[in-house]
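Read the structure below first, then the notes.
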Amino acid sequence: MNKVILMPVDILAMDLSDKAIAYADHMVDKENGVIHLLHVFPKLGTSPMRGFASDIRKYEEYMTNDAQEKMLNLARKFKTPLENIRFEVRHGNIRDEVNNAVEAHNAEMIIIGSRKPGIATHLLGSAAANILRYAKIPVMVIR
(Lines give C-alpha, C1' and ligand atoms only; values in the text may rest on other atoms or scores of the structure.)
Protein backbone atom coordinates (compact mmCIF):
# COMPACT_ATOMS: atom_id res chain seq x y z
CA MET A 1 0.00 0.00 0.00
CA ASN A 2 1.04 3.60 -0.62
CA LYS A 3 1.82 5.97 2.22
CA VAL A 4 1.34 9.12 0.12
CA ILE A 5 -1.05 9.44 -2.81
CA LEU A 6 -1.45 12.63 -4.81
CA MET A 7 -4.90 13.13 -6.28
CA PRO A 8 -5.21 16.08 -8.65
CA VAL A 9 -8.82 17.28 -8.75
CA ASP A 10 -10.72 19.66 -10.98
CA ILE A 11 -13.18 21.64 -8.87
CA LEU A 12 -15.13 22.45 -12.02
CA ALA A 13 -15.61 18.75 -12.81
CA MET A 14 -15.93 17.08 -9.42
CA ASP A 15 -17.65 14.05 -10.97
CA LEU A 16 -14.24 13.02 -12.34
CA SER A 17 -12.78 13.00 -8.84
CA ASP A 18 -15.79 11.15 -7.41
CA LYS A 19 -14.89 8.15 -9.57
CA ALA A 20 -11.31 8.10 -8.29
CA ILE A 21 -12.18 8.19 -4.58
CA ALA A 22 -12.74 4.43 -4.22
CA TYR A 23 -9.40 3.71 -5.88
CA ALA A 24 -7.51 6.15 -3.68
CA ASP A 25 -9.18 4.68 -0.58
CA HIS A 26 -8.17 1.20 -1.71
CA MET A 27 -4.57 2.08 -2.60
CA VAL A 28 -3.64 4.17 0.46
CA ASP A 29 -1.98 2.60 3.49
CA LYS A 30 -4.81 2.08 6.00
CA GLU A 31 -2.58 2.67 9.05
CA ASN A 32 -0.81 5.93 8.27
CA GLY A 33 -1.36 6.76 4.61
CA VAL A 34 -2.10 10.29 3.42
CA ILE A 35 -4.06 11.45 0.39
CA HIS A 36 -3.16 14.90 -0.95
CA LEU A 37 -5.91 16.57 -2.98
CA LEU A 38 -4.48 19.15 -5.36
CA HIS A 39 -6.27 21.68 -7.54
CA VAL A 40 -4.28 23.78 -10.00
CA PHE A 41 -5.58 27.07 -11.38
CA PRO A 42 -3.96 28.54 -14.47
CA LYS A 43 -1.60 31.37 -13.59
CA LEU A 44 -3.16 34.73 -14.39
CA GLY A 45 -0.56 36.98 -15.98
CA THR A 46 -0.49 40.48 -14.57
CA SER A 47 1.60 42.19 -17.26
CA PRO A 48 -1.23 43.09 -19.66
CA MET A 49 -3.44 44.14 -16.75
CA ARG A 50 -1.01 45.94 -14.42
CA GLY A 51 -3.69 48.29 -13.14
CA PHE A 52 -5.79 45.32 -12.05
CA ALA A 53 -3.07 43.43 -10.12
CA SER A 54 -4.83 43.84 -6.76
CA ASP A 55 -8.10 42.66 -8.31
CA ILE A 56 -6.32 39.59 -9.71
CA ARG A 57 -4.89 38.79 -6.27
CA LYS A 58 -8.36 39.14 -4.70
CA TYR A 59 -9.84 36.91 -7.38
CA GLU A 60 -7.11 34.27 -6.88
CA GLU A 61 -7.69 34.39 -3.11
CA TYR A 62 -11.45 33.98 -3.57
CA MET A 63 -10.98 31.07 -5.99
CA THR A 64 -8.43 29.41 -3.69
CA ASN A 65 -10.85 29.55 -0.75
CA ASP A 66 -13.67 28.20 -2.93
CA ALA A 67 -11.46 25.35 -4.16
CA GLN A 68 -10.45 24.41 -0.62
CA GLU A 69 -14.10 24.32 0.45
CA LYS A 70 -15.00 22.08 -2.49
CA MET A 71 -12.06 19.77 -1.73
CA LEU A 72 -13.20 19.53 1.90
CA ASN A 73 -16.63 18.44 0.68
CA LEU A 74 -14.96 15.90 -1.59
CA ALA A 75 -12.78 14.65 1.29
CA ARG A 76 -15.90 13.83 3.29
CA LYS A 77 -16.76 11.18 0.66
CA PHE A 78 -13.60 9.16 1.38
CA LYS A 79 -13.47 6.20 3.74
CA THR A 80 -9.98 7.39 4.66
CA PRO A 81 -10.20 9.48 7.86
CA LEU A 82 -10.44 13.23 7.24
CA GLU A 83 -7.29 13.87 9.27
CA ASN A 84 -5.36 11.82 6.67
CA ILE A 85 -6.50 13.95 3.76
CA ARG A 86 -4.68 17.17 2.87
CA PHE A 87 -5.74 19.99 0.53
CA GLU A 88 -3.60 22.19 -1.62
CA VAL A 89 -4.29 24.82 -4.26
CA ARG A 90 -1.56 25.93 -6.64
CA HIS A 91 -1.42 28.33 -9.56
CA GLY A 92 0.45 27.47 -12.73
CA ASN A 93 0.75 24.71 -15.30
CA ILE A 94 -1.04 21.51 -14.19
CA ARG A 95 1.76 19.23 -15.37
CA ASP A 96 4.48 21.22 -13.61
CA GLU A 97 2.52 21.76 -10.41
CA VAL A 98 1.60 18.08 -10.11
CA ASN A 99 5.27 17.14 -10.50
CA ASN A 100 6.26 19.81 -7.95
CA ALA A 101 3.67 18.46 -5.50
CA VAL A 102 4.92 14.90 -6.01
CA GLU A 103 8.38 16.02 -4.95
CA ALA A 104 7.17 18.25 -2.11
CA HIS A 105 5.05 15.50 -0.54
CA ASN A 106 7.17 12.48 -1.54
CA ALA A 107 4.11 10.99 -3.22
CA GLU A 108 4.36 7.39 -4.37
CA MET A 109 1.39 7.36 -6.72
CA ILE A 110 -0.90 9.75 -8.61
CA ILE A 111 -4.58 8.89 -8.99
CA ILE A 112 -6.57 11.10 -11.35
CA GLY A 113 -10.04 11.00 -12.84
CA SER A 114 -10.43 11.50 -16.56
CA ARG A 115 -13.39 12.08 -18.82
CA LYS A 116 -14.15 10.00 -21.84
CA PRO A 117 -11.80 11.11 -24.62
CA GLY A 118 -12.80 13.09 -27.63
CA ILE A 119 -11.22 13.61 -31.02
CA ALA A 120 -8.71 16.15 -29.68
CA THR A 121 -7.40 14.01 -26.83
CA HIS A 122 -7.58 10.57 -28.51
CA LEU A 123 -7.05 8.32 -25.47
CA LEU A 124 -7.23 10.48 -22.33
CA GLY A 125 -8.44 13.89 -21.21
CA SER A 126 -5.81 16.53 -21.91
CA ALA A 127 -4.90 17.17 -18.23
CA ALA A 128 -4.66 13.47 -17.43
CA ALA A 129 -2.65 12.81 -20.58
CA ASN A 130 -0.25 15.63 -19.77
CA ILE A 131 0.24 14.39 -16.21
CA LEU A 132 0.68 10.80 -17.35
CA ARG A 133 3.20 11.76 -20.01
CA TYR A 134 5.50 13.67 -17.61
CA ALA A 135 5.00 11.91 -14.26
CA LYS A 136 8.00 10.34 -12.59
CA ILE A 137 5.89 7.99 -10.43
CA PRO A 138 3.06 5.55 -11.23
CA VAL A 139 -0.21 7.13 -12.37
CA MET A 140 -3.62 5.52 -12.18
CA VAL A 141 -6.17 7.14 -14.51
CA ILE A 142 -9.81 6.42 -13.62
CA ARG A 143 -12.66 6.87 -16.09
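Scheme for the C-alpha coordinates: letters A, B, ... for chains in order shown; per-chain residue numbers from 1; ligand numbers from 1 in order shown.
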Within 8 Å of segment 14-30 of chain A, counting only C-alpha atoms, which residues show up once you throw out same-chain ones fewer than 4 positions away? Write them as a list in words, please.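 Contacts, in chain order: Met1, Asn2, Lys3, Val4, Ile5, Met7, Val9, Asp10, Val34, Ile35, Leu74, Lys77, Phe78, Lys79, Thr80, Ile111, Ile112, Gly113, Ser114, Arg115, Ile142 and Arg143 of chain A.
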As a PyMOL selection string, list the residues of chain A assigned to helix (DSSP H, G or I) by DSSP on the backbone atoms of this structure. chain A and resi 14-27+47-75+82-84+94-105+126-134
Find the spatial neighbours of segment 94-100 of chain A, counting only C-alpha atoms, within a cut-off of 10 Å - ignore same-chain residues fewer than 3 positions away - and output them as JSON, numbers by chain. {"A": [6, 7, 8, 38, 39, 40, 41, 42, 43, 89, 90, 91, 103, 104, 105, 106, 107, 110, 127, 128, 129, 130, 131, 132, 133, 134, 135, 136, 137]}
Dump as a short mmCIF file (atom, residue, chain, number, x, y, z; two decimals), in the first residue's frame, selection limited to N, CA and C atoms:
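Result file is out-v9.cif:
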data_model
loop_
_atom_site.label_atom_id
_atom_site.label_comp_id
_atom_site.auth_asym_id
_atom_site.auth_seq_id
_atom_site.Cartn_x
_atom_site.Cartn_y
_atom_site.Cartn_z
N LEU A 6 -1.06 11.31 -4.33
CA LEU A 6 -1.45 12.63 -4.81
C LEU A 6 -2.63 12.45 -5.74
N MET A 7 -3.69 13.22 -5.47
CA MET A 7 -4.90 13.13 -6.28
C MET A 7 -5.25 14.51 -6.81
N PRO A 8 -4.81 14.81 -8.04
CA PRO A 8 -5.21 16.08 -8.65
C PRO A 8 -6.72 16.07 -8.90
N LEU A 38 -5.14 17.99 -4.77
CA LEU A 38 -4.48 19.15 -5.36
C LEU A 38 -5.34 19.70 -6.48
N HIS A 39 -5.62 20.99 -6.42
CA HIS A 39 -6.27 21.68 -7.54
C HIS A 39 -5.30 22.73 -8.06
N VAL A 40 -5.18 22.81 -9.38
CA VAL A 40 -4.28 23.78 -10.00
C VAL A 40 -5.08 24.74 -10.87
N PHE A 41 -4.99 26.03 -10.54
CA PHE A 41 -5.58 27.07 -11.38
C PHE A 41 -4.52 27.56 -12.35
N PRO A 42 -4.92 27.92 -13.56
CA PRO A 42 -3.96 28.54 -14.47
C PRO A 42 -3.45 29.85 -13.88
N LYS A 43 -2.19 30.12 -14.08
CA LYS A 43 -1.60 31.37 -13.59
C LYS A 43 -2.14 32.53 -14.41
N VAL A 89 -3.94 24.11 -3.03
CA VAL A 89 -4.29 24.82 -4.26
C VAL A 89 -3.01 25.49 -4.75
N ARG A 90 -2.73 25.30 -6.02
CA ARG A 90 -1.56 25.93 -6.64
C ARG A 90 -2.02 26.68 -7.88
N HIS A 91 -1.16 27.56 -8.34
CA HIS A 91 -1.42 28.33 -9.56
C HIS A 91 -0.26 28.10 -10.52
N GLU A 103 7.10 15.87 -5.65
CA GLU A 103 8.38 16.02 -4.95
C GLU A 103 8.20 16.59 -3.55
N ALA A 104 7.36 17.60 -3.40
CA ALA A 104 7.17 18.25 -2.11
C ALA A 104 6.59 17.30 -1.06
N HIS A 105 5.73 16.39 -1.49
CA HIS A 105 5.05 15.50 -0.54
C HIS A 105 5.58 14.08 -0.56
N ASN A 106 6.62 13.83 -1.38
CA ASN A 106 7.17 12.48 -1.54
C ASN A 106 6.08 11.47 -1.90
N ALA A 107 5.22 11.86 -2.81
CA ALA A 107 4.11 10.99 -3.22
C ALA A 107 4.66 9.76 -3.94
N ILE A 110 0.07 8.73 -8.23
CA ILE A 110 -0.90 9.75 -8.61
C ILE A 110 -2.15 9.02 -9.06
N ALA A 127 -5.64 17.02 -19.49
CA ALA A 127 -4.90 17.17 -18.23
C ALA A 127 -4.33 15.83 -17.80
N ALA A 128 -5.14 14.80 -17.83
CA ALA A 128 -4.66 13.47 -17.43
C ALA A 128 -3.53 13.00 -18.35
N ALA A 129 -3.69 13.22 -19.63
CA ALA A 129 -2.65 12.81 -20.58
C ALA A 129 -1.35 13.54 -20.32
N ASN A 130 -1.44 14.83 -20.03
CA ASN A 130 -0.25 15.63 -19.77
C ASN A 130 0.45 15.16 -18.49
N ILE A 131 -0.33 14.88 -17.47
CA ILE A 131 0.24 14.39 -16.21
C ILE A 131 0.89 13.03 -16.43
N LEU A 132 0.18 12.14 -17.10
CA LEU A 132 0.68 10.80 -17.35
C LEU A 132 1.98 10.82 -18.15
N ARG A 133 2.04 11.68 -19.13
CA ARG A 133 3.20 11.76 -20.01
C ARG A 133 4.46 12.20 -19.26
N TYR A 134 4.32 13.08 -18.26
CA TYR A 134 5.50 13.67 -17.61
C TYR A 134 5.71 13.22 -16.16
N ALA A 135 4.86 12.35 -15.65
CA ALA A 135 5.00 11.91 -14.26
C ALA A 135 6.23 11.03 -14.08
N LYS A 136 6.81 11.13 -12.91
CA LYS A 136 8.00 10.34 -12.59
C LYS A 136 7.66 9.19 -11.64
N ILE A 137 6.36 9.06 -11.30
CA ILE A 137 5.89 7.99 -10.43
C ILE A 137 4.68 7.34 -11.11
#
